[in-house]
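**Q** Dropping a structure here in structure tokens format, bear with me for questions.
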Amino acid sequence: MGEISKFSNFKKFLEKGPIILLIVSVLNEFDLNYLNLKYFSFNFPFILIYYWSLKRSGSLGYGLIFLSGLLNDVVTGLPIGISSLAYLLICVFSSYLRNITLRPSAIKDWFFFGLAILVVNSLIYLIVGLVFEVELEYYSILVNILFTFLFYIIFSGLFDYYQKVIFGGQNV
Amino acid sequence: MQAGRDDFVIAIRSAFLKKENKQKFSLLALIFLTFIIILSEKFNLKLIDYLKISLREVAYRSSFIVSAPENFIKEAYVATKNHFSVYEENKELKEKLSFELSKNYNSEYILEENKRLRSTIDETTFLTSEIIGKVLIDKKSPFLRSVIINRGSKDGVELGMAVMDKSYLIGKVVEITFTTSRVLLLSDLNSKVPVDIMPNDIQSILSGTGGDEGVIQYTRQQELIKKDAIVFTSGAGGLFKSGIPIGKIATDPSNLKTVVSFFSDFSQLRYVKIISFKKENE
């Protein structure tokens, strides 16, 4: 009996995986650039938020996404509210795609993600540049968008597997 | 066609307004709240300052703890890499050391002479006070180049204080909380420091690039700047004292700009010195 209860607690913990990953990724120095490649960076929270809002919208609350954006701004030193806006706009894109999709396809999701991050990053670039007059490096952001786009398909495969193992065939 | 547009409108409206399963807030409400926060930040409202201060205190400490496992892996990787290059490095360092030692005797004499000459012409001398700080967060964002250190207003840190790694300038304090501060690194695109390039004593401005190096801007004597010339702070503007080494001129493959390679490696910062310079007669 005790073991069953322990197992169900562990499963509950794993079900909170996306939330834990989101909090860790906004607080952590999560750049994975151990080879110190010039310009290499990608936006892991974008991938995480887009995937889980699209596939299982109940697993990441919008309130929590908003709060994690505020934390990310504080850690990276951006004007407060900028990342929250970016994350919520990503949610808008994923929610829109979910509403119009009848037959889900990984490739369609991937390309729509590319469009979403292009639009969101451009908007953020404009707001930070025009409203706050902070200079940003254009190429660095462009490379960040490219790597975020490329990594999406890898992480979506991993998340698909995680979803199958943890949630089985359930839908939210 | 009409039906297609209706579907689009319905999907958009539903994305913004419909609360999904297990969601407590609608996206539109949260986006609206975010815009209020951004505007309050723009107009420096007091309420946002309180929000920022409390978020910083929580985020910086939690970030340090959350980053610990990854930092451990990073450090282990760097240590292993260093281990393999230790023989070559040792040989190179021995050669460098004998060369530097011979230079040292000369510089001691020059320093004494400089001190004597400064007092002769009543040149202002600076008193320095320094605080040692540990780098808590070194998040390499594509947007900003900055680090968080574990020294804040309670330790006497003030805005604009110079931050150094060993004897090299690496940035200045731009944000303070009670227990932590943010240091804007010289490599950040928004960093501008008045500098002197030696030899030839060329006055200029060093600007960050957002990458690992800096560039020399606003100088009329571009052709006089040679490779390996040393870049020091000029002391103009009164924020830093003059003569703090920053880096040296490197070759730019495109030859369109004068690139500065920093003496300090900003990705390996662990402990830094936060320094204030006060004129002796103040």
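Here's how to read the names in the structure tokens: chain A, B, ... by the order shown, residue numbers from 1 in each chain, ligand numbers from 1 in the order shown.
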As a list in words, please: the residues near segment 130-140 of chain A (cut-off 9 Å, only C-alpha atoms, same-chain neighbours under 4 positions excluded).
**A** Tyr39, Phe40, Ser41, Pro79, Tyr125, Leu126, Asn144 and Ile145 of chain A; Leu39, Lys42, Pro142, Phe143, Leu144, Asp188, Leu189, Asn190, Thr209, Gly210 and Gly211 of chain B
**Q** Would you kindly return, as JSON, numbers by chain, each protein, DNA or RNA residue with an atom no farther than 9 Å from any atom of segment 56-70 of chain A, considering only C-alpha atoms and excluding same-chain residues fewer than 5 positions away?
**A** {"A": [15, 16, 17, 18, 19, 22, 23, 26, 27, 49, 51, 75, 80, 81, 82, 83, 84, 85, 86, 87, 88, 91, 95, 171, 172], "B": [20, 21, 22, 23, 24, 25, 26, 27, 30, 31, 34, 52, 55]}
**Q** I'd like the neighbourhood of Arg151 of chain B as a list of chain:residue names, where a residue qualifies if any of its atoms comes within 10 Å (using only C-alpha atoms), though same-chain residues fewer than 5 positions away should be ignored.
**A**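 So, after excluding close chain neighbours, the residues are B:Ile131, B:Ile132, B:Gly133, B:Lys134, B:Val135, B:Leu136, B:Gly156, B:Val157, B:Ile176, B:Thr177, B:Phe178, B:Thr179, B:Thr180, B:Ser181, B:Arg182, B:Ile274.
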**Q** Run DSSP on the backbone and tell me which residues of segment 26-231 of chain B come out as alpha helix (DSSP H); list them as a PDB file with N, CA and C atoms, in the first residue's frame.
**A**
ATOM      1  N   LEU B  27      -5.743  34.736 -21.717  1.00  0.00           N
ATOM      2  CA  LEU B  27      -4.501  35.318 -22.246  1.00  0.00           C
ATOM      3  C   LEU B  27      -4.624  36.832 -22.410  1.00  0.00           C
ATOM      4  N   LEU B  28      -5.805  37.278 -22.826  1.00  0.00           N
ATOM      5  CA  LEU B  28      -5.980  38.711 -23.066  1.00  0.00           C
ATOM      6  C   LEU B  28      -5.769  39.509 -21.775  1.00  0.00           C
ATOM      7  N   ALA B  29      -6.339  38.980 -20.674  1.00  0.00           N
ATOM      8  CA  ALA B  29      -6.205  39.681 -19.390  1.00  0.00           C
ATOM      9  C   ALA B  29      -4.737  39.785 -18.996  1.00  0.00           C
ATOM     10  N   LEU B  30      -3.989  38.682 -19.183  1.00  0.00           N
ATOM     11  CA  LEU B  30      -2.573  38.687 -18.781  1.00  0.00           C
ATOM     12  C   LEU B  30      -1.730  39.582 -19.698  1.00  0.00           C
ATOM     13  N   ILE B  31      -2.062  39.576 -20.992  1.00  0.00           N
ATOM     14  CA  ILE B  31      -1.314  40.448 -21.916  1.00  0.00           C
ATOM     15  C   ILE B  31      -1.576  41.915 -21.561  1.00  0.00           C
ATOM     16  N   PHE B  32      -2.817  42.208 -21.206  1.00  0.00           N
ATOM     17  CA  PHE B  32      -3.173  43.565 -20.794  1.00  0.00           C
ATOM     18  C   PHE B  32      -2.371  43.957 -19.546  1.00  0.00           C
ATOM     19  N   LEU B  33      -2.292  43.035 -18.585  1.00  0.00           N
ATOM     20  CA  LEU B  33      -1.536  43.291 -17.355  1.00  0.00           C
ATOM     21  C   LEU B  33      -0.051  43.519 -17.672  1.00  0.00           C
ATOM     22  N   THR B  34       0.464  42.730 -18.630  1.00  0.00           N
ATOM     23  CA  THR B  34       1.875  42.877 -19.007  1.00  0.00           C
ATOM     24  C   THR B  34       2.129  44.256 -19.603  1.00  0.00           C
ATOM     25  N   PHE B  35       1.197  44.724 -20.444  1.00  0.00           N
ATOM     26  CA  PHE B  35       1.368  46.056 -21.028  1.00  0.00           C
ATOM     27  C   PHE B  35       1.376  47.131 -19.941  1.00  0.00           C
ATOM     28  N   ILE B  36       0.524  46.952 -18.930  1.00  0.00           N
ATOM     29  CA  ILE B  36       0.499  47.924 -17.821  1.00  0.00           C
ATOM     30  C   ILE B  36       1.867  47.932 -17.130  1.00  0.00           C
ATOM     31  N   ILE B  37       2.434  46.726 -16.912  1.00  0.00           N
ATOM     32  CA  ILE B  37       3.742  46.636 -16.243  1.00  0.00           C
ATOM     33  C   ILE B  37       4.831  47.297 -17.102  1.00  0.00           C
ATOM     34  N   ILE B  38       4.801  47.032 -18.411  1.00  0.00           N
ATOM     35  CA  ILE B  38       5.818  47.616 -19.300  1.00  0.00           C
ATOM     36  C   ILE B  38       5.725  49.147 -19.297  1.00  0.00           C
ATOM     37  N   LEU B  39       4.494  49.661 -19.354  1.00  0.00           N
ATOM     38  CA  LEU B  39       4.336  51.122 -19.350  1.00  0.00           C
ATOM     39  C   LEU B  39       4.764  51.721 -18.007  1.00  0.00           C
ATOM     40  N   SER B  40       4.433  51.022 -16.914  1.00  0.00           N
ATOM     41  CA  SER B  40       4.840  51.517 -15.590  1.00  0.00           C
ATOM     42  C   SER B  40       6.360  51.542 -15.486  1.00  0.00           C
ATOM     43  N   GLU B  41       7.007  50.537 -16.094  1.00  0.00           N
ATOM     44  CA  GLU B  41       8.471  50.477 -16.096  1.00  0.00           C
ATOM     45  C   GLU B  41       9.035  51.661 -16.880  1.00  0.00           C
ATOM     46  N   LYS B  42       8.396  51.937 -18.011  1.00  0.00           N
ATOM     47  CA  LYS B  42       8.855  53.039 -18.865  1.00  0.00           C
ATOM     48  C   LYS B  42       8.777  54.368 -18.112  1.00  0.00           C
ATOM     49  N   LYS B  46       6.552  54.046  -8.900  1.00  0.00           N
ATOM     50  CA  LYS B  46       7.086  53.527  -7.633  1.00  0.00           C
ATOM     51  C   LYS B  46       6.718  52.048  -7.408  1.00  0.00           C
ATOM     52  N   LEU B  47       5.457  51.740  -7.767  1.00  0.00           N
ATOM     53  CA  LEU B  47       4.941  50.385  -7.526  1.00  0.00           C
ATOM     54  C   LEU B  47       5.806  49.333  -8.223  1.00  0.00           C
ATOM     55  N   ILE B  48       6.249  49.650  -9.441  1.00  0.00           N
ATOM     56  CA  ILE B  48       7.063  48.721 -10.212  1.00  0.00           C
ATOM     57  C   ILE B  48       8.434  48.552  -9.553  1.00  0.00           C
ATOM     58  N   ASP B  49       8.939  49.643  -8.967  1.00  0.00           N
ATOM     59  CA  ASP B  49      10.226  49.548  -8.264  1.00  0.00           C
ATOM     60  C   ASP B  49      10.148  48.521  -7.138  1.00  0.00           C
ATOM     61  N   TYR B  50       9.048  48.575  -6.370  1.00  0.00           N
ATOM     62  CA  TYR B  50       8.885  47.612  -5.268  1.00  0.00           C
ATOM     63  C   TYR B  50       8.793  46.187  -5.805  1.00  0.00           C
ATOM     64  N   LEU B  51       8.026  46.044  -6.905  1.00  0.00           N
ATOM     65  CA  LEU B  51       7.866  44.716  -7.516  1.00  0.00           C
ATOM     66  C   LEU B  51       9.235  44.201  -7.963  1.00  0.00           C
ATOM     67  N   LYS B  52      10.017  45.084  -8.599  1.00  0.00           N
ATOM     68  CA  LYS B  52      11.323  44.675  -9.117  1.00  0.00           C
ATOM     69  C   LYS B  52      12.269  44.278  -7.986  1.00  0.00           C
ATOM     70  N   ILE B  53      12.267  45.102  -6.927  1.00  0.00           N
ATOM     71  CA  ILE B  53      13.184  44.821  -5.813  1.00  0.00           C
ATOM     72  C   ILE B  53      12.876  43.458  -5.199  1.00  0.00           C
ATOM     73  N   SER B  54      11.560  43.199  -4.972  1.00  0.00           N
ATOM     74  CA  SER B  54      11.235  41.914  -4.346  1.00  0.00           C
ATOM     75  C   SER B  54      11.519  40.748  -5.282  1.00  0.00           C
ATOM     76  N   LEU B  55      11.231  40.936  -6.585  1.00  0.00           N
ATOM     77  CA  LEU B  55      11.516  39.854  -7.533  1.00  0.00           C
ATOM     78  C   LEU B  55      13.021  39.573  -7.617  1.00  0.00           C
ATOM     79  N   ARG B  56      13.819  40.658  -7.607  1.00  0.00           N
ATOM     80  CA  ARG B  56      15.275  40.479  -7.709  1.00  0.00           C
ATOM     81  C   ARG B  56      15.817  39.686  -6.539  1.00  0.00           C
ATOM     82  N   GLU B  57      15.362  40.076  -5.324  1.00  0.00           N
ATOM     83  CA  GLU B  57      15.893  39.396  -4.133  1.00  0.00           C
ATOM     84  C   GLU B  57      15.607  37.889  -4.202  1.00  0.00           C
ATOM     85  N   VAL B  58      14.379  37.561  -4.674  1.00  0.00           N
ATOM     86  CA  VAL B  58      14.011  36.143  -4.765  1.00  0.00           C
ATOM     87  C   VAL B  58      14.756  35.477  -5.927  1.00  0.00           C
ATOM     88  N   ALA B  59      14.719  36.138  -7.098  1.00  0.00           N
ATOM     89  CA  ALA B  59      15.246  35.496  -8.315  1.00  0.00           C
ATOM     90  C   ALA B  59      16.760  35.271  -8.255  1.00  0.00           C
ATOM     91  N   TYR B  60      17.523  36.255  -7.776  1.00  0.00           N
ATOM     92  CA  TYR B  60      18.985  36.118  -7.793  1.00  0.00           C
ATOM     93  C   TYR B  60      19.440  34.942  -6.932  1.00  0.00           C
ATOM     94  N   ARG B  61      18.847  34.876  -5.731  1.00  0.00           N
ATOM     95  CA  ARG B  61      19.264  33.791  -4.825  1.00  0.00           C
ATOM     96  C   ARG B  61      18.823  32.429  -5.382  1.00  0.00           C
ATOM     97  N   SER B  62      17.557  32.379  -5.846  1.00  0.00           N
ATOM     98  CA  SER B  62      17.071  31.081  -6.358  1.00  0.00           C
ATOM     99  C   SER B  62      17.873  30.677  -7.578  1.00  0.00           C
ATOM    100  N   SER B  63      18.209  31.664  -8.405  1.00  0.00           N
ATOM    101  CA  SER B  63      18.947  31.362  -9.628  1.00  0.00           C
ATOM    102  C   SER B  63      20.308  30.764  -9.295  1.00  0.00           C
ATOM    103  N   PHE B  64      20.932  31.311  -8.254  1.00  0.00           N
ATOM    104  CA  PHE B  64      22.250  30.799  -7.842  1.00  0.00           C
ATOM    105  C   PHE B  64      22.142  29.327  -7.433  1.00  0.00           C
ATOM    106  N   ILE B  65      21.066  29.022  -6.689  1.00  0.00           N
ATOM    107  CA  ILE B  65      20.893  27.635  -6.223  1.00  0.00           C
ATOM    108  C   ILE B  65      20.549  26.716  -7.399  1.00  0.00           C
ATOM    109  N   VAL B  66      19.606  27.173  -8.240  1.00  0.00           N
ATOM    110  CA  VAL B  66      19.165  26.346  -9.364  1.00  0.00           C
ATOM    111  C   VAL B  66      20.313  26.099 -10.352  1.00  0.00           C
ATOM    112  N   SER B  67      21.203  27.102 -10.494  1.00  0.00           N
ATOM    113  CA  SER B  67      22.310  26.960 -11.455  1.00  0.00           C
ATOM    114  C   SER B  67      23.447  26.084 -10.947  1.00  0.00           C
ATOM    115  N   ALA B  68      23.410  25.774  -9.640  1.00  0.00           N
ATOM    116  CA  ALA B  68      24.544  25.044  -9.037  1.00  0.00           C
ATOM    117  C   ALA B  68      24.901  23.746  -9.781  1.00  0.00           C
ATOM    118  N   PRO B  69      23.921  22.860 -10.104  1.00  0.00           N
ATOM    119  CA  PRO B  69      24.320  21.615 -10.784  1.00  0.00           C
ATOM    120  C   PRO B  69      24.967  21.873 -12.146  1.00  0.00           C
ATOM    121  N   GLU B  70      24.395  22.798 -12.920  1.00  0.00           N
ATOM    122  CA  GLU B  70      24.969  23.046 -14.251  1.00  0.00           C
ATOM    123  C   GLU B  70      26.351  23.707 -14.134  1.00  0.00           C
ATOM    124  N   ASN B  71      26.480  24.603 -13.155  1.00  0.00           N
ATOM    125  CA  ASN B  71      27.785  25.241 -12.944  1.00  0.00           C
ATOM    126  C   ASN B  71      28.839  24.210 -12.584  1.00  0.00           C
ATOM    127  N   PHE B  72      28.409  23.206 -11.803  1.00  0.00           N
ATOM    128  CA  PHE B  72      29.334  22.143 -11.406  1.00  0.00           C
ATOM    129  C   PHE B  72      29.832  21.399 -12.651  1.00  0.00           C
ATOM    130  N   ILE B  73      28.898  21.100 -13.555  1.00  0.00           N
ATOM    131  CA  ILE B  73      29.265  20.395 -14.799  1.00  0.00           C
ATOM    132  C   ILE B  73      30.216  21.265 -15.625  1.00  0.00           C
ATOM    133  N   LYS B  74      29.885  22.560 -15.736  1.00  0.00           N
ATOM    134  CA  LYS B  74      30.711  23.495 -16.507  1.00  0.00           C
ATOM    135  C   LYS B  74      32.126  23.528 -15.948  1.00  0.00           C
ATOM    136  N   GLU B  75      32.202  23.675 -14.603  1.00  0.00           N
ATOM    137  CA  GLU B  75      33.523  23.768 -13.966  1.00  0.00           C
ATOM    138  C   GLU B  75      34.315  22.487 -14.169  1.00  0.00           C
ATOM    139  N   ALA B  76      33.613  21.349 -14.068  1.00  0.00           N
ATOM    140  CA  ALA B  76      34.292  20.064 -14.259  1.00  0.00           C
ATOM    141  C   ALA B  76      34.831  19.966 -15.686  1.00  0.00           C
ATOM    142  N   TYR B  77      34.048  20.455 -16.638  1.00  0.00           N
ATOM    143  CA  TYR B  77      34.468  20.414 -18.043  1.00  0.00           C
ATOM    144  C   TYR B  77      35.714  21.286 -18.253  1.00  0.00           C
ATOM    145  N   VAL B  78      35.667  22.508 -17.686  1.00  0.00           N
ATOM    146  CA  VAL B  78      36.809  23.429 -17.846  1.00  0.00           C
ATOM    147  C   VAL B  78      38.046  22.844 -17.174  1.00  0.00           C
ATOM    148  N   ALA B  79      37.851  22.248 -15.974  1.00  0.00           N
ATOM    149  CA  ALA B  79      38.994  21.673 -15.238  1.00  0.00           C
ATOM    150  C   ALA B  79      39.617  20.533 -16.040  1.00  0.00           C
ATOM    151  N   THR B  80      38.772  19.693 -16.636  1.00  0.00           N
ATOM    152  CA  THR B  80      39.296  18.563 -17.425  1.00  0.00           C
ATOM    153  C   THR B  80      40.067  19.085 -18.636  1.00  0.00           C
ATOM    154  N   LYS B  81      39.492  20.093 -19.293  1.00  0.00           N
ATOM    155  CA  LYS B  81      40.143  20.669 -20.475  1.00  0.00           C
ATOM    156  C   LYS B  81      41.503  21.250 -20.091  1.00  0.00           C
ATOM    157  N   ASN B  82      41.519  21.982 -18.962  1.00  0.00           N
ATOM    158  CA  ASN B  82      42.776  22.595 -18.500  1.00  0.00           C
ATOM    159  C   ASN B  82      43.811  21.536 -18.171  1.00  0.00           C
ATOM    160  N   HIS B  83      43.344  20.440 -17.615  1.00  0.00           N
ATOM    161  CA  HIS B  83      44.246  19.372 -17.196  1.00  0.00           C
ATOM    162  C   HIS B  83      45.068  18.861 -18.383  1.00  0.00           C
ATOM    163  N   PHE B  84      44.418  18.746 -19.537  1.00  0.00           N
ATOM    164  CA  PHE B  84      45.110  18.214 -20.707  1.00  0.00           C
ATOM    165  C   PHE B  84      46.092  19.210 -21.324  1.00  0.00           C
ATOM    166  N   VAL B  86      47.913  21.350 -19.544  1.00  0.00           N
ATOM    167  CA  VAL B  86      48.761  21.896 -18.475  1.00  0.00           C
ATOM    168  C   VAL B  86      50.265  21.899 -18.828  1.00  0.00           C
ATOM    169  N   TYR B  87      50.728  20.908 -19.557  1.00  0.00           N
ATOM    170  CA  TYR B  87      52.158  20.820 -19.879  1.00  0.00           C
ATOM    171  C   TYR B  87      52.573  21.980 -20.794  1.00  0.00           C
ATOM    172  N   GLU B  88      51.798  22.139 -21.879  1.00  0.00           N
ATOM    173  CA  GLU B  88      52.100  23.208 -22.843  1.00  0.00           C
ATOM    174  C   GLU B  88      52.008  24.577 -22.156  1.00  0.00           C
ATOM    175  N   GLU B  89      50.990  24.714 -21.347  1.00  0.00           N
ATOM    176  CA  GLU B  89      50.748  25.986 -20.673  1.00  0.00           C
ATOM    177  C   GLU B  89      51.902  26.317 -19.732  1.00  0.00           C
ATOM    178  N   ASN B  90      52.400  25.300 -19.042  1.00  0.00           N
ATOM    179  CA  ASN B  90      53.495  25.494 -18.096  1.00  0.00           C
ATOM    180  C   ASN B  90      54.751  26.007 -18.797  1.00  0.00           C
ATOM    181  N   LYS B  91      55.049  25.413 -19.960  1.00  0.00           N
ATOM    182  CA  LYS B  91      56.221  25.817 -20.733  1.00  0.00           C
ATOM    183  C   LYS B  91      56.091  27.283 -21.157  1.00  0.00           C
ATOM    184  N   GLU B  92      54.900  27.594 -21.650  1.00  0.00           N
ATOM    185  CA  GLU B  92      54.641  28.952 -22.139  1.00  0.00           C
ATOM    186  C   GLU B  92      54.729  29.964 -20.994  1.00  0.00           C
ATOM    187  N   LEU B  93      54.165  29.570 -19.830  1.00  0.00           N
ATOM    188  CA  LEU B  93      54.151  30.486 -18.681  1.00  0.00           C
ATOM    189  C   LEU B  93      55.552  30.753 -18.141  1.00  0.00           C
ATOM    190  N   LYS B  94      56.397  29.727 -18.172  1.00  0.00           N
ATOM    191  CA  LYS B  94      57.775  29.898 -17.692  1.00  0.00           C
ATOM    192  C   LYS B  94      58.509  30.946 -18.528  1.00  0.00           C
ATOM    193  N   GLU B  95      58.331  30.843 -19.830  1.00  0.00           N
ATOM    194  CA  GLU B  95      58.970  31.817 -20.732  1.00  0.00           C
ATOM    195  C   GLU B  95      58.451  33.220 -20.442  1.00  0.00           C
ATOM    196  N   LYS B  96      57.135  33.310 -20.293  1.00  0.00           N
ATOM    197  CA  LYS B  96      56.501  34.605 -20.045  1.00  0.00           C
ATOM    198  C   LYS B  96      56.997  35.203 -18.736  1.00  0.00           C
ATOM    199  N   LEU B  97      57.119  34.339 -17.713  1.00  0.00           N
ATOM    200  CA  LEU B  97      57.509  34.795 -16.383  1.00  0.00           C
ATOM    201  C   LEU B  97      58.903  35.428 -16.393  1.00  0.00           C
ATOM    202  N   SER B  98      59.849  34.757 -17.072  1.00  0.00           N
ATOM    203  CA  SER B  98      61.199  35.317 -17.080  1.00  0.00           C
ATOM    204  C   SER B  98      61.223  36.661 -17.802  1.00  0.00           C
ATOM    205  N   PHE B  99      60.390  36.774 -18.843  1.00  0.00           N
ATOM    206  CA  PHE B  99      60.324  38.036 -19.583  1.00  0.00           C
ATOM    207  C   PHE B  99      59.695  39.136 -18.711  1.00  0.00           C
ATOM    208  N   GLU B 100      58.602  38.772 -18.023  1.00  0.00           N
ATOM    209  CA  GLU B 100      57.899  39.753 -17.193  1.00  0.00           C
ATOM    210  C   GLU B 100      58.760  40.210 -16.014  1.00  0.00           C
ATOM    211  N   LEU B 101      59.545  39.273 -15.453  1.00  0.00           N
ATOM    212  CA  LEU B 101      60.391  39.619 -14.304  1.00  0.00           C
ATOM    213  C   LEU B 101      61.399  40.699 -14.681  1.00  0.00           C
ATOM    214  N   SER B 102      61.943  40.540 -15.879  1.00  0.00           N
ATOM    215  CA  SER B 102      62.929  41.534 -16.307  1.00  0.00           C
ATOM    216  C   SER B 102      62.261  42.897 -16.476  1.00  0.00           C
ATOM    217  N   LYS B 103      60.994  42.892 -16.886  1.00  0.00           N
ATOM    218  CA  LYS B 103      60.290  44.164 -17.075  1.00  0.00           C
ATOM    219  C   LYS B 103      59.912  44.808 -15.741  1.00  0.00           C
ATOM    220  N   ASN B 104      59.693  43.937 -14.751  1.00  0.00           N
ATOM    221  CA  ASN B 104      59.198  44.390 -13.451  1.00  0.00           C
ATOM    222  C   ASN B 104      60.137  45.401 -12.779  1.00  0.00           C
ATOM    223  N   TYR B 105      61.470  45.136 -12.864  1.00  0.00           N
ATOM    224  CA  TYR B 105      62.429  46.042 -12.208  1.00  0.00           C
ATOM    225  C   TYR B 105      62.295  47.436 -12.791  1.00  0.00           C
ATOM    226  N   ASN B 106      62.116  47.488 -14.096  1.00  0.00           N
ATOM    227  CA  ASN B 106      61.960  48.775 -14.771  1.00  0.00           C
ATOM    228  C   ASN B 106      60.712  49.493 -14.288  1.00  0.00           C
ATOM    229  N   SER B 107      59.608  48.749 -14.226  1.00  0.00           N
ATOM    230  CA  SER B 107      58.340  49.397 -13.895  1.00  0.00           C
ATOM    231  C   SER B 107      58.315  49.913 -12.463  1.00  0.00           C
ATOM    232  N   GLU B 108      58.999  49.232 -11.541  1.00  0.00           N
ATOM    233  CA  GLU B 108      59.050  49.718 -10.156  1.00  0.00           C
ATOM    234  C   GLU B 108      59.686  51.106 -10.087  1.00  0.00           C
ATOM    235  N   TYR B 109      60.773  51.243 -10.839  1.00  0.00           N
ATOM    236  CA  TYR B 109      61.459  52.529 -10.870  1.00  0.00           C
ATOM    237  C   TYR B 109      60.539  53.591 -11.477  1.00  0.00           C
ATOM    238  N   ILE B 110      59.874  53.223 -12.587  1.00  0.00           N
ATOM    239  CA  ILE B 110      58.994  54.185 -13.271  1.00  0.00           C
ATOM    240  C   ILE B 110      57.827  54.606 -12.379  1.00  0.00           C
ATOM    241  N   LEU B 111      57.282  53.656 -11.617  1.00  0.00           N
ATOM    242  CA  LEU B 111      56.162  53.961 -10.715  1.00  0.00           C
ATOM    243  C   LEU B 111      56.563  55.007  -9.670  1.00  0.00           C
ATOM    244  N   GLU B 112      57.722  54.788  -9.074  1.00  0.00           N
ATOM    245  CA  GLU B 112      58.216  55.726  -8.059  1.00  0.00           C
ATOM    246  C   GLU B 112      58.416  57.110  -8.664  1.00  0.00           C
ATOM    247  N   GLU B 113      59.011  57.103  -9.850  1.00  0.00           N
ATOM    248  CA  GLU B 113      59.274  58.368 -10.534  1.00  0.00           C
ATOM    249  C   GLU B 113      57.968  59.074 -10.851  1.00  0.00           C
ATOM    250  N   ASN B 114      56.973  58.299 -11.301  1.00  0.00           N
ATOM    251  CA  ASN B 114      55.665  58.847 -11.640  1.00  0.00           C
ATOM    252  C   ASN B 114      55.009  59.504 -10.428  1.00  0.00           C
ATOM    253  N   LYS B 115      55.094  58.809  -9.279  1.00  0.00           N
ATOM    254  CA  LYS B 115      54.497  59.325  -8.033  1.00  0.00           C
ATOM    255  C   LYS B 115      55.124  60.682  -7.678  1.00  0.00           C
ATOM    256  N   ARG B 116      56.467  60.717  -7.788  1.00  0.00           N
ATOM    257  CA  ARG B 116      57.202  61.940  -7.431  1.00  0.00           C
ATOM    258  C   ARG B 116      56.819  63.082  -8.374  1.00  0.00           C
ATOM    259  N   LEU B 117      56.737  62.781  -9.656  1.00  0.00           N
ATOM    260  CA  LEU B 117      56.414  63.825 -10.639  1.00  0.00           C
ATOM    261  C   LEU B 117      54.981  64.331 -10.470  1.00  0.00           C
ATOM    262  N   ARG B 118      54.048  63.400 -10.153  1.00  0.00           N
ATOM    263  CA  ARG B 118      52.651  63.798  -9.931  1.00  0.00           C
ATOM    264  C   ARG B 118      52.543  64.775  -8.768  1.00  0.00           C
ATOM    265  N   SER B 119      53.277  64.470  -7.686  1.00  0.00           N
ATOM    266  CA  SER B 119      53.190  65.366  -6.530  1.00  0.00           C
ATOM    267  C   SER B 119      53.815  66.717  -6.864  1.00  0.00           C
ATOM    268  N   THR B 120      54.806  66.725  -7.763  1.00  0.00           N
ATOM    269  CA  THR B 120      55.434  67.993  -8.141  1.00  0.00           C
ATOM    270  C   THR B 120      54.443  68.901  -8.864  1.00  0.00           C
TER     271      THR B 120
END
**Q** Determine, counting only C-alpha atoms, which protein, DNA and RNA residues have an atom within 10 Å of an atom of Gly235 of chain B; residues of the same chain fewer than 6 positions away are not included. Present the result as a ChimeraX atom specification.
**A** /B:193-196,241-244
**Q** So that I can check the surroundings of Asp228 of chain B, please list as a PDB file with N, CA and C atoms, in the first residue's frame every protein, DNA and RNA residue that reaches within 8 Å of it, counting only C-alpha atoms and ignoring chain neighbours fewer than 3 positions away.
**A**
ATOM      1  N   LYS B 248      43.754  44.780 -25.339  1.00  0.00           N
ATOM      2  CA  LYS B 248      44.671  45.247 -26.374  1.00  0.00           C
ATOM      3  C   LYS B 248      44.025  45.171 -27.754  1.00  0.00           C
ATOM      4  N   ILE B 249      44.567  45.949 -28.667  1.00  0.00           N
ATOM      5  CA  ILE B 249      44.007  46.015 -30.017  1.00  0.00           C
ATOM      6  C   ILE B 249      44.295  44.699 -30.748  1.00  0.00           C
ATOM      7  N   ALA B 250      43.249  44.124 -31.286  1.00  0.00           N
ATOM      8  CA  ALA B 250      43.408  42.867 -32.023  1.00  0.00           C
ATOM      9  C   ALA B 250      43.111  43.115 -33.502  1.00  0.00           C
TER      10      ALA B 250
END
**Q** When you look at Thr148 of chain A with a cut-off of 9 Å (counting only C-alpha atoms), what residues show up, excluding the ones that are within fewer than 3 positions of it in the same chain? I need them as a PyMOL selection string.
**A** chain A and resi 41-44+46-47+114+117+143-145+151-152
**Q** What's the separation between atom CA of Ala162 of chain B and atom CA of Ile205 of chain B, in Å to one decimal place?
**A** 16.4 Å
**Q** List the spatial neighbours of Gln203 of chain B as a ChimeraX atom specification - criterion: any atom at most 10 Å away, only C-alpha atoms, same-chain residues fewer than 6 positions off excluded.
**A** /B:194-197,216-221,231-234,236
**Q** Keeping only C-alpha atoms, write the selected residues as a PDB file, in the first residue's frame.
**A**
ATOM      1  CA  PRO B 194      36.356  56.724 -22.459  1.00  0.00           C
ATOM      2  CA  VAL B 195      39.783  55.210 -23.130  1.00  0.00           C
ATOM      3  CA  ASP B 196      43.390  56.043 -23.884  1.00  0.00           C
ATOM      4  CA  ILE B 197      45.259  53.901 -26.403  1.00  0.00           C
ATOM      5  CA  ILE B 216      37.024  51.592 -30.688  1.00  0.00           C
ATOM      6  CA  GLN B 217      34.661  54.357 -31.727  1.00  0.00           C
ATOM      7  CA  TYR B 218      34.797  58.082 -32.336  1.00  0.00           C
ATOM      8  CA  THR B 219      38.486  58.570 -33.028  1.00  0.00           C
ATOM      9  CA  ARG B 220      40.053  60.678 -35.763  1.00  0.00           C
ATOM     10  CA  GLN B 221      43.438  59.015 -35.520  1.00  0.00           C
ATOM     11  CA  VAL B 231      43.809  50.180 -24.070  1.00  0.00           C
ATOM     12  CA  PHE B 232      43.532  51.941 -20.673  1.00  0.00           C
ATOM     13  CA  THR B 233      40.749  53.977 -19.066  1.00  0.00           C
ATOM     14  CA  SER B 234      41.320  57.676 -19.764  1.00  0.00           C
ATOM     15  CA  ALA B 236      37.448  61.366 -18.711  1.00  0.00           C
TER      16      ALA B 236
END
